[in-house]
$ cat coords.pdb   # PDB, C-alpha atoms
MODEL        1
ATOM      1  CA  MET G 306      81.270 246.207  -8.413
ATOM      2  CA  PRO G 307      84.071 243.894  -9.590
ATOM      3  CA  ARG G 308      87.264 244.069  -7.501
ATOM      4  CA  GLY G 309      89.701 246.607  -8.884
ATOM      5  CA  ASP G 310      87.097 248.309 -11.090
ATOM      6  CA  LEU G 311      87.493 251.851  -9.762
ATOM      7  CA  LEU G 312      85.499 254.779 -11.077
ATOM      8  CA  GLY G 313      87.141 257.057 -13.643
ATOM      9  CA  SER G 314      87.636 260.667 -12.514
ATOM     10  CA  LEU G 315      84.664 262.078 -14.451
ATOM     11  CA  GLU G 316      82.517 259.058 -13.511
ATOM     12  CA  HIS G 317      83.382 259.727  -9.868
ATOM     13  CA  ILE G 318      82.490 263.428 -10.114
ATOM     14  CA  VAL G 319      79.256 262.829 -12.080
ATOM     15  CA  LEU G 320      78.140 260.113  -9.665
ATOM     16  CA  LEU G 321      78.795 262.432  -6.697
ATOM     17  CA  ALA G 322      76.746 265.140  -8.437
ATOM     18  CA  VAL G 323      73.838 262.718  -8.942
ATOM     19  CA  VAL G 324      73.966 261.769  -5.229
ATOM     20  CA  ARG G 325      74.113 265.434  -4.169
ATOM     21  CA  LEU G 326      71.212 266.490  -6.405
ATOM     22  CA  GLY G 327      68.898 263.652  -5.415
ATOM     23  CA  PRO G 328      65.565 263.747  -7.259
ATOM     24  CA  ASP G 329      66.592 266.923  -9.130
ATOM     25  CA  ALA G 330      69.452 265.216 -11.002
ATOM     26  CA  TYR G 331      69.217 265.702 -14.764
ATOM     27  CA  GLY G 332      71.569 266.963 -17.489
ATOM     28  CA  VAL G 333      71.473 270.699 -16.706
ATOM     29  CA  THR G 334      71.695 270.382 -12.924
ATOM     30  CA  VAL G 335      74.462 267.757 -13.080
ATOM     31  CA  ARG G 336      76.532 269.884 -15.483
ATOM     32  CA  ARG G 337      76.037 273.066 -13.464
ATOM     33  CA  GLU G 338      76.697 271.349 -10.130
ATOM     34  CA  ILE G 339      80.052 270.091 -11.451
ATOM     35  CA  GLU G 340      80.905 273.532 -12.817
ATOM     36  CA  ARG G 341      79.883 275.277  -9.583
ATOM     37  CA  ARG G 342      81.787 272.968  -7.246
ATOM     38  CA  THR G 343      84.892 272.105  -9.281
ATOM     39  CA  GLY G 344      85.158 274.992 -11.739
ATOM     40  CA  ARG G 345      85.379 272.398 -14.503
ATOM     41  CA  ASP G 346      83.449 273.398 -17.634
ATOM     42  CA  VAL G 347      82.280 269.976 -18.849
ATOM     43  CA  SER G 348      80.226 269.680 -22.020
ATOM     44  CA  ILE G 349      76.701 268.308 -21.911
ATOM     45  CA  GLY G 350      77.905 265.528 -24.236
ATOM     46  CA  ALA G 351      80.574 264.474 -21.735
ATOM     47  CA  VAL G 352      77.960 264.455 -18.953
ATOM     48  CA  TYR G 353      75.554 262.262 -20.964
ATOM     49  CA  ALA G 354      78.335 259.923 -22.146
ATOM     50  CA  THR G 355      79.413 259.443 -18.518
ATOM     51  CA  LEU G 356      75.835 258.994 -17.306
ATOM     52  CA  GLU G 357      75.309 256.366 -20.030
ATOM     53  CA  ARG G 358      78.429 254.461 -18.892
ATOM     54  CA  LEU G 359      77.288 254.615 -15.257
ATOM     55  CA  GLU G 360      73.825 253.388 -16.228
ATOM     56  CA  THR G 361      75.296 250.501 -18.252
ATOM     57  CA  LYS G 362      77.307 249.483 -15.171
ATOM     58  CA  GLY G 363      74.116 249.554 -13.094
ATOM     59  CA  TYR G 364      75.308 252.388 -10.829
ATOM     60  CA  ILE G 365      72.442 254.705 -11.746
ATOM     61  CA  SER G 366      68.996 254.403 -13.310
ATOM     62  CA  SER G 367      67.007 256.943 -15.272
ATOM     63  CA  LEU G 368      63.479 257.862 -16.234
ATOM     64  CA  ILE G 369      61.946 260.360 -18.635
ATOM     65  CA  GLY G 370      59.945 263.243 -17.138
ATOM     66  CA  GLU G 371      57.247 265.410 -18.637
ATOM     67  CA  PRO G 372      58.006 267.819 -21.518
ATOM     68  CA  THR G 373      58.120 271.488 -20.454
ATOM     69  CA  ALA G 374      57.800 274.759 -22.412
ATOM     70  CA  GLU G 375      61.061 276.203 -21.004
ATOM     71  CA  ARG G 376      62.887 273.302 -22.655
ATOM     72  CA  GLY G 377      61.237 273.796 -26.035
ATOM     73  CA  GLY G 378      58.685 271.074 -25.300
ATOM     74  CA  ARG G 379      61.318 268.431 -24.555
ATOM     75  CA  ALA G 380      61.340 266.147 -21.527
ATOM     76  CA  LYS G 381      64.087 265.792 -18.923
ATOM     77  CA  ARG G 382      65.846 262.502 -18.255
ATOM     78  CA  HIS G 383      66.127 262.182 -14.480
ATOM     79  CA  PHE G 384      68.897 260.096 -12.915
ATOM     80  CA  ARG G 385      68.987 258.269  -9.607
ATOM     81  CA  VAL G 386      71.876 256.524  -7.890
ATOM     82  CA  GLU G 387      71.469 252.775  -7.235
ATOM     83  CA  THR G 388      72.883 250.659  -4.394
ATOM     84  CA  ASP G 389      75.751 249.451  -6.609
ATOM     85  CA  GLY G 390      76.548 253.080  -7.392
ATOM     86  CA  VAL G 391      76.811 253.983  -3.704
ATOM     87  CA  ARG G 392      79.062 250.947  -3.183
ATOM     88  CA  ALA G 393      81.235 251.946  -6.152
ATOM     89  CA  LEU G 394      81.575 255.447  -4.725
ATOM     90  CA  ARG G 395      82.646 254.097  -1.316
ATOM     91  CA  VAL G 396      85.261 251.797  -2.882
ATOM     92  CA  SER G 397      86.697 254.591  -5.028
ATOM     93  CA  GLN G 398      86.678 257.127  -2.202
ATOM     94  CA  ASP G 399      88.426 254.624   0.092
ATOM     95  CA  ALA G 400      91.065 253.886  -2.553
ATOM     96  CA  ILE G 401      91.792 257.587  -3.031
ATOM     97  CA  LYS G 402      91.954 258.181   0.734
ATOM     98  CA  LYS G 403      94.376 255.277   1.182
ATOM     99  CA  MET G 404      96.564 256.464  -1.673
ATOM    100  CA  ALA G 405      96.640 259.998  -0.243
ATOM    101  CA  VAL G 406      97.610 259.021   3.307
ATOM    102  CA  GLY G 407     100.832 260.756   4.346
ATOM    103  CA  LEU G 408     101.158 262.781   1.179
ATOM    104  CA  SER G 409     100.026 266.143   2.590
ATOM    105  CA  ARG G 410     103.678 267.199   3.138
ATOM    106  CA  ALA G 411     104.642 266.156  -0.407
ATOM    107  CA  TRP G 412     102.214 268.594  -1.996
ATOM    108  CA  GLY G 413     102.818 271.355   0.533
ATOM    109  CA  THR G 414      99.567 271.250   2.518
ATOM    110  CA  PRO G 415     100.145 272.158   6.214
TER     111      PRO G 415
ATOM    112  CA  MET L1404      63.663 288.854 -26.983
ATOM    113  CA  THR L1405      64.099 285.477 -28.652
ATOM    114  CA  GLN L1406      64.473 282.524 -26.313
ATOM    115  CA  ARG L1407      65.293 279.967 -28.954
ATOM    116  CA  PRO L1408      68.931 279.030 -29.502
ATOM    117  CA  PRO L1409      70.189 280.160 -32.924
ATOM    118  CA  ALA L1410      69.914 277.476 -35.635
ATOM    119  CA  ALA L1411      68.952 274.870 -33.025
ATOM    120  CA  VAL L1412      67.449 272.650 -35.709
ATOM    121  CA  TRP L1413      70.973 272.005 -37.037
ATOM    122  CA  ALA L1414      72.188 270.952 -33.610
ATOM    123  CA  ASN L1415      69.253 268.545 -33.386
ATOM    124  CA  LEU L1416      70.061 267.122 -36.837
ATOM    125  CA  ALA L1417      73.787 266.828 -36.040
ATOM    126  CA  PHE L1418      73.103 264.860 -32.826
ATOM    127  CA  ARG L1419      70.714 262.564 -34.695
ATOM    128  CA  LEU L1420      73.156 262.100 -37.568
ATOM    129  CA  ILE L1421      75.818 260.721 -35.251
ATOM    130  CA  GLY L1422      73.274 258.356 -33.664
ATOM    131  CA  ALA L1423      73.415 259.958 -30.196
ATOM    132  CA  ARG L1424      71.143 258.559 -27.491
ATOM    133  CA  ASP L1425      68.796 260.881 -25.561
ATOM    134  CA  VAL L1426      68.818 263.578 -28.271
ATOM    135  CA  ASP L1427      65.562 265.119 -27.014
ATOM    136  CA  ALA L1428      66.851 265.334 -23.438
ATOM    137  CA  ILE L1429      70.190 266.800 -24.589
ATOM    138  CA  ILE L1430      68.540 269.421 -26.823
ATOM    139  CA  GLY L1431      66.077 270.219 -24.019
ATOM    140  CA  ASP L1432      68.971 270.661 -21.555
ATOM    141  CA  LEU L1433      70.856 272.912 -23.963
ATOM    142  CA  THR L1434      67.705 274.975 -24.621
ATOM    143  CA  GLU L1435      67.014 275.341 -20.889
ATOM    144  CA  GLU L1436      70.576 276.409 -20.130
ATOM    145  CA  TYR L1437      70.683 278.720 -23.151
ATOM    146  CA  ARG L1438      67.671 280.524 -21.664
ATOM    147  CA  ILE L1439      69.475 280.845 -18.324
ATOM    148  CA  HIS L1440      72.439 282.407 -20.175
ATOM    149  CA  ARG L1441      70.115 284.792 -22.056
ATOM    150  CA  ARG L1442      68.994 286.351 -18.753
ATOM    151  CA  SER L1443      72.445 287.884 -18.355
ATOM    152  CA  ASP L1444      74.152 287.530 -21.758
ATOM    153  CA  SER L1445      73.558 288.888 -25.259
ATOM    154  CA  ILE L1446      72.208 286.640 -28.015
ATOM    155  CA  ALA L1447      75.734 286.412 -29.470
ATOM    156  CA  THR L1448      77.362 285.349 -26.172
ATOM    157  CA  ALA L1449      74.620 282.863 -25.312
ATOM    158  CA  GLY L1450      74.662 281.559 -28.902
ATOM    159  CA  CYS L1451      78.447 281.068 -28.697
ATOM    160  CA  TRP L1452      78.031 279.151 -25.443
ATOM    161  CA  TYR L1453      75.337 276.967 -27.060
ATOM    162  CA  TRP L1454      77.337 276.137 -30.175
ATOM    163  CA  ARG L1455      80.546 275.557 -28.227
ATOM    164  CA  GLN L1456      78.611 272.995 -26.162
ATOM    165  CA  VAL L1457      77.318 271.340 -29.342
ATOM    166  CA  ALA L1458      80.778 271.269 -30.984
ATOM    167  CA  ARG L1459      82.430 269.795 -27.869
ATOM    168  CA  SER L1460      79.649 267.233 -27.378
ATOM    169  CA  LEU L1461      79.476 265.834 -30.926
ATOM    170  CA  PRO L1462      82.807 263.905 -30.970
ATOM    171  CA  ILE L1463      82.181 262.485 -27.473
ATOM    172  CA  LEU L1464      78.673 261.280 -28.340
ATOM    173  CA  ALA L1465      79.858 259.909 -31.719
ATOM    174  CA  THR L1466      82.469 257.857 -29.842
ATOM    175  CA  MET L1467      79.716 256.536 -27.553
ATOM    176  CA  THR L1468      77.660 255.503 -30.609
ATOM    177  CA  ILE L1469      80.619 253.522 -31.974
ATOM    178  CA  ARG L1470      81.275 251.886 -28.576
ATOM    179  CA  ARG L1471      77.586 250.987 -28.315
ATOM    180  CA  GLY L1472      77.870 248.894 -31.481
ATOM    181  CA  GLY L1473      77.439 251.762 -33.879
ATOM    182  CA  TRP L1474      80.389 250.398 -35.853
ATOM    183  CA  ARG L1475      77.915 247.917 -37.389
ATOM    184  CA  MET L1476      75.767 250.851 -38.460
ATOM    185  CA  VAL L1477      78.843 252.564 -39.940
ATOM    186  CA  ALA L1478      79.858 249.315 -41.704
ATOM    187  CA  VAL L1479      76.375 248.958 -43.265
ATOM    188  CA  ALA L1480      76.476 252.613 -44.344
ATOM    189  CA  THR L1481      79.969 252.203 -45.852
ATOM    190  CA  VAL L1482      79.052 249.089 -47.860
ATOM    191  CA  THR L1483      75.813 250.706 -49.040
ATOM    192  CA  TYR L1484      77.720 253.839 -49.995
ATOM    193  CA  VAL L1485      80.236 251.913 -52.133
ATOM    194  CA  VAL L1486      77.489 249.851 -53.831
ATOM    195  CA  ALA L1487      75.456 253.021 -54.476
ATOM    196  CA  GLN L1488      78.463 254.682 -56.123
ATOM    197  CA  VAL L1489      78.883 251.669 -58.449
ATOM    198  CA  VAL L1490      75.147 251.593 -59.276
ATOM    199  CA  GLU L1491      75.123 255.355 -59.907
ATOM    200  CA  ALA L1492      78.172 255.223 -62.209
ATOM    201  CA  GLY L1493      76.732 252.201 -64.051
ATOM    202  CA  GLY L1494      73.357 253.891 -64.490
ATOM    203  CA  GLN L1495      74.922 257.056 -65.852
ATOM    204  CA  ALA L1496      77.175 255.115 -68.250
ATOM    205  CA  ALA L1497      74.207 253.100 -69.528
ATOM    206  CA  VAL L1498      72.037 256.185 -70.151
ATOM    207  CA  PHE L1499      74.822 258.198 -71.809
ATOM    208  CA  ALA L1500      75.750 255.239 -74.054
ATOM    209  CA  PHE L1501      72.268 255.093 -75.556
ATOM    210  CA  VAL L1502      70.978 258.679 -75.348
ATOM    211  CA  PRO L1503      73.232 261.404 -76.781
ATOM    212  CA  MET L1504      72.910 264.788 -74.986
ATOM    213  CA  ASP L1505      74.828 268.023 -74.323
ATOM    214  CA  ALA L1506      76.766 268.851 -71.110
ATOM    215  CA  GLY L1507      73.753 270.523 -69.430
ATOM    216  CA  GLY L1508      71.540 267.545 -70.179
ATOM    217  CA  ARG L1509      74.171 265.140 -68.892
ATOM    218  CA  ALA L1510      74.470 267.101 -65.639
ATOM    219  CA  GLY L1511      70.682 267.060 -65.198
ATOM    220  CA  VAL L1512      70.429 263.320 -65.860
ATOM    221  CA  SER L1513      73.429 262.659 -63.564
ATOM    222  CA  LEU L1514      71.701 264.622 -60.810
ATOM    223  CA  GLY L1515      68.456 262.668 -61.283
ATOM    224  CA  ILE L1516      70.235 259.304 -61.213
ATOM    225  CA  GLY L1517      72.339 260.433 -58.241
ATOM    226  CA  LEU L1518      69.325 261.507 -56.173
ATOM    227  CA  LEU L1519      67.376 258.365 -57.078
ATOM    228  CA  THR L1520      70.351 256.226 -56.065
ATOM    229  CA  ALA L1521      70.710 258.218 -52.819
ATOM    230  CA  THR L1522      67.043 257.568 -51.971
ATOM    231  CA  LEU L1523      67.387 253.853 -52.686
ATOM    232  CA  ALA L1524      70.637 253.684 -50.720
ATOM    233  CA  GLY L1525      69.001 255.396 -47.732
ATOM    234  CA  TYR L1526      66.125 252.916 -47.914
ATOM    235  CA  VAL L1527      68.390 249.855 -48.163
ATOM    236  CA  ALA L1528      70.762 251.073 -45.425
ATOM    237  CA  GLU L1529      67.945 251.798 -42.964
ATOM    238  CA  SER L1530      66.287 248.445 -43.766
ATOM    239  CA  SER L1531      69.568 246.672 -42.946
ATOM    240  CA  ARG L1532      70.363 248.547 -39.738
ATOM    241  CA  SER L1533      68.507 251.211 -37.782
ATOM    242  CA  GLY L1534      70.324 254.552 -37.971
ATOM    243  CA  ALA L1535      72.419 253.541 -41.006
ATOM    244  CA  ALA L1536      70.627 256.076 -43.248
ATOM    245  CA  MET L1537      71.837 258.831 -40.912
ATOM    246  CA  ALA L1538      75.414 257.579 -41.103
ATOM    247  CA  LEU L1539      75.103 257.301 -44.891
ATOM    248  CA  THR L1540      73.814 260.880 -45.055
ATOM    249  CA  ALA L1541      76.787 262.084 -43.010
ATOM    250  CA  MET L1542      79.183 260.198 -45.328
ATOM    251  CA  SER L1543      77.550 261.665 -48.439
ATOM    252  CA  LEU L1544      77.657 265.190 -46.983
ATOM    253  CA  ILE L1545      81.334 264.876 -46.081
ATOM    254  CA  THR L1546      82.143 263.530 -49.583
ATOM    255  CA  VAL L1547      80.220 266.313 -51.368
ATOM    256  CA  VAL L1548      81.858 269.025 -49.248
ATOM    257  CA  MET L1549      85.316 267.494 -49.855
ATOM    258  CA  LEU L1550      84.681 267.363 -53.616
ATOM    259  CA  MET L1551      83.426 270.958 -53.615
ATOM    260  CA  VAL L1552      86.605 272.082 -51.860
ATOM    261  CA  THR L1553      89.146 269.963 -53.763
ATOM    262  CA  LEU L1554      87.578 269.808 -57.268
ATOM    263  CA  PRO L1555      85.415 272.935 -57.512
ATOM    264  CA  ASP L1556      85.550 273.365 -61.304
ATOM    265  CA  THR L1557      84.755 269.862 -62.556
ATOM    266  CA  VAL L1558      80.945 270.294 -62.455
ATOM    267  CA  PRO L1559      78.660 273.388 -62.505
ATOM    268  CA  ILE L1560      78.029 275.121 -59.169
ATOM    269  CA  TRP L1561      74.247 274.497 -59.356
ATOM    270  CA  TYR L1562      75.006 270.782 -59.631
ATOM    271  CA  GLN L1563      77.239 270.903 -56.545
ATOM    272  CA  LEU L1564      74.701 272.885 -54.524
ATOM    273  CA  ALA L1565      71.864 270.587 -55.625
ATOM    274  CA  PHE L1566      73.814 267.573 -54.386
ATOM    275  CA  LEU L1567      74.740 269.362 -51.169
ATOM    276  CA  THR L1568      71.098 270.114 -50.329
ATOM    277  CA  LEU L1569      68.975 267.486 -52.104
ATOM    278  CA  GLY L1570      71.452 264.616 -51.620
ATOM    279  CA  PRO L1571      71.044 264.431 -47.820
ATOM    280  CA  VAL L1572      67.283 264.986 -48.153
ATOM    281  CA  SER L1573      67.039 262.052 -50.604
ATOM    282  CA  THR L1574      69.110 259.706 -48.421
ATOM    283  CA  LEU L1575      67.197 260.621 -45.277
ATOM    284  CA  GLY L1576      63.928 260.377 -47.227
ATOM    285  CA  GLY L1577      64.816 256.807 -48.210
ATOM    286  CA  GLY L1578      65.584 256.072 -44.549
ATOM    287  CA  VAL L1579      62.276 257.545 -43.415
ATOM    288  CA  LEU L1580      60.399 255.491 -46.045
ATOM    289  CA  SER L1581      62.041 252.321 -44.754
ATOM    290  CA  SER L1582      61.256 253.207 -41.106
ATOM    291  CA  ARG L1583      57.596 253.842 -41.960
ATOM    292  CA  ARG L1584      57.263 250.565 -43.829
ATOM    293  CA  SER L1585      58.662 248.588 -40.914
TER     294      SER L1585
ENDMDL
END
$ encode --input "coords.pdb" --output "structure tokens"
Amino acid sequence: MPRGDLLGSLEHIVLLAVVRLGPDAYGVTVRREIERRTGRDVSIGAVYATLERLETKGYISSLIGEPTAERGGRAKRHFRVETDGVRALRVSQDAIKKMAVGLSRAWGTP
Amino acid sequence: MTQRPPAAVWANLAFRLIGARDVDAIIGDLTEEYRIHRRSDSIATAGCWYWRQVARSLPILATMTIRRGGWRMVAVATVTYVVAQVVEAGGQAAVFAFVPMDAGGRAGVSLGIGLLTATLAGYVAESSRSGAAMALTAMSLITVVMLMVTLPDTVPIWYQLAFLTLGPVSTLGGGVLSSRRS
């Protein structure tokens, strides 16, 4: 990851969802995981646009699964986090932690 | 109990028209999640969820298409559209100059020339750039709808409806012909 190239907020959240879900990461599970954990109702288009950006940056890779009847005969695209993706997550998490140090009083957290 | 999202074929077409990537996976995801919603929700509620997802996704995925280099596709479609309009107007003027006919006949001939031009335009656009026939179809649809709303009385309603339905089919048909040939 180039120096200073931090993840965007949705990129960060989507990448974390892909890491959490492991081999079961695809559009539906990623969208629902984000909704379940953050309460944020993201559209499937936003999820795919973000996944495409992450894939272009080399942070994740994808492969097409088998078509299933429950999906109207359409296949899933599975996503997997790559080493560069894990590194990008660490850098972004570190940056946020450093920026948040000492701010707990400012936003009223005990 | 139906498990198919309402009018899903239109969602599929809309995603393809804007040149979205992974259309099959996206439609499959929406279908799968629609079925999850149907376990607890009515058809109307689940259908609303489905179409709200489609409506919110379209502008985002269209932006991705443009970022991906889709602007070239849009440029090809725009140039083809302008040239097709000139060819269509020229063809109509040439026919009407030599063959006298009443208003109904003129509308019928205009429709024929228009649909033929749309097919050729779809073919040429798709030959120049993959996906350009889709963009051209979207442009034509938007133009026809705008004309129907702003100038409803200038041509008969059957003529407007014929262009609204057969126009996109002709343009896409031209695109499909080009894809098959290559």
$ resolve_selection --input "coords.pdb" --expression "the PyMOL selection byres ((chain G) within 12 of (chain L))" --output "ChimeraX atom specification"
/G:330-337,346-358,361,367-384
$ residues_near_point --input "coords.pdb" --point "(73.8, 251.1, -54.8)" --cutoff "9 Å" --atoms "all atoms listed in the file" --output "ChimeraX atom specification"
/L:1482-1491,1520-1521,1523-1524,1527
$ atom_distance --input "coords.pdb" --atom1 "atom CA of Arg1509 of chain L" --atom2 "atom CA of Ala1496 of chain L"
10.5 Å
$ resolve_selection --input "coords.pdb" --expression "the PyMOL selection byres ((chain L and resi 1577-1585) around 7)" --output "list of chain:residue names"
L:Thr1522, L:Leu1523, L:Gly1525, L:Tyr1526, L:Glu1529, L:Ser1530, L:Ala1536, L:Ser1573, L:Thr1574, L:Leu1575, L:Gly1576
$ resolve_selection --input "coords.pdb" --expression "the PyMOL selection byres ((chain L and resi 1515) around 12)" --output "list of chain:residue names"
L:Glu1491, L:Gly1494, L:Gln1495, L:Val1498, L:Gly1508, L:Arg1509, L:Ala1510, L:Gly1511, L:Val1512, L:Ser1513, L:Leu1514, L:Ile1516, L:Gly1517, L:Leu1518, L:Leu1519, L:Thr1520, L:Ala1521, L:Thr1522, L:Tyr1562, L:Ala1565, L:Phe1566, L:Leu1569, L:Gly1570, L:Ser1573
$ residues_around --input "coords.pdb" --residues "Ala393 of chain G" --least-positions-apart "6" --cutoff "9 Å" --atoms "all atoms listed in the file" --output "MDAnalysis selection string"
chainID G and resid 306 310:312 317 364
$ atom_distance --input "coords.pdb" --atom1 "atom CA of Ala1410 of chain L" --atom2 "atom CA of Ser1443 of chain L"
20.3 Å
$ atom_distance --input "coords.pdb" --atom1 "atom CA of Ile1421 of chain L" --atom2 "atom CA of Ala1541 of chain L"
7.9 Å
$ closest_residue --input "coords.pdb" --among "G:Met404, G:Ser366, G:Trp412, G:Leu359" --to "Leu315 of chain G" --atoms "all atoms listed in the file"
G:Leu359
$ closest_residue --input "coords.pdb" --among "L:Ala1538, L:Ile1560, L:Val1572, L:Leu1567" --to "Ile1469 of chain L" --atoms "all atoms listed in the file"
L:Ala1538
$ residues_near_point --input "coords.pdb" --point "(73.6, 284.1, -23.1)" --cutoff "9 Å" --atoms "all atoms listed in the file" --output "PyMOL selection string"
chain L and resi 1436-1453
$ decode --input "coords.pdb" --residues "segment 1421-1467 of chain L" --atoms "C-alpha atoms" --output "short mmCIF file (atom, residue, chain, number, x, y, z; two decimals), in the first residue's frame"
data_model
loop_
_atom_site.label_atom_id
_atom_site.label_comp_id
_atom_site.auth_asym_id
_atom_site.auth_seq_id
_atom_site.Cartn_x
_atom_site.Cartn_y
_atom_site.Cartn_z
CA ILE L 1421 -25.57 1.05 -17.48
CA GLY L 1422 -22.72 -1.38 -18.19
CA ALA L 1423 -22.46 -2.69 -14.61
CA ARG L 1424 -19.92 -5.42 -13.88
CA ASP L 1425 -21.02 -8.66 -12.17
CA VAL L 1426 -24.69 -8.25 -13.18
CA ASP L 1427 -25.42 -11.96 -12.70
CA ALA L 1428 -23.90 -11.98 -9.21
CA ILE L 1429 -25.76 -8.79 -8.24
CA ILE L 1430 -29.12 -10.07 -9.52
CA GLY L 1431 -28.46 -13.42 -7.81
CA ASP L 1432 -27.68 -11.63 -4.52
CA LEU L 1433 -30.82 -9.51 -4.78
CA THR L 1434 -32.93 -12.60 -5.59
CA GLU L 1435 -31.46 -14.53 -2.65
CA GLU L 1436 -32.05 -11.68 -0.22
CA TYR L 1437 -35.53 -11.02 -1.61
CA ARG L 1438 -36.38 -14.63 -0.74
CA ILE L 1439 -35.07 -14.12 2.80
CA HIS L 1440 -37.35 -11.05 3.10
CA ARG L 1441 -40.33 -13.03 1.75
CA ARG L 1442 -40.11 -15.45 4.70
CA SER L 1443 -41.28 -12.66 7.01
CA ASP L 1444 -42.61 -9.90 4.72
CA SER L 1445 -45.48 -9.56 2.25
CA ILE L 1446 -44.82 -9.48 -1.49
CA ALA L 1447 -45.34 -5.70 -1.45
CA THR L 1448 -42.84 -5.07 1.38
CA ALA L 1449 -40.23 -7.43 -0.06
CA GLY L 1450 -40.81 -5.98 -3.54
CA CYS L 1451 -40.30 -2.45 -2.16
CA TRP L 1452 -37.05 -3.54 -0.52
CA TYR L 1453 -35.90 -5.10 -3.81
CA TRP L 1454 -36.67 -2.07 -5.96
CA ARG L 1455 -35.25 0.37 -3.42
CA GLN L 1456 -32.00 -1.62 -3.60
CA VAL L 1457 -32.07 -1.47 -7.41
CA ALA L 1458 -32.81 2.29 -7.48
CA ARG L 1459 -30.04 3.07 -4.97
CA SER L 1460 -27.53 0.81 -6.75
CA LEU L 1461 -28.01 2.07 -10.32
CA PRO L 1462 -26.36 5.53 -9.95
CA ILE L 1463 -23.43 4.07 -7.97
CA LEU L 1464 -22.77 1.33 -10.53
CA ALA L 1465 -23.19 3.79 -13.44
CA THR L 1466 -20.51 5.97 -11.84
CA MET L 1467 -18.23 2.92 -11.60
#
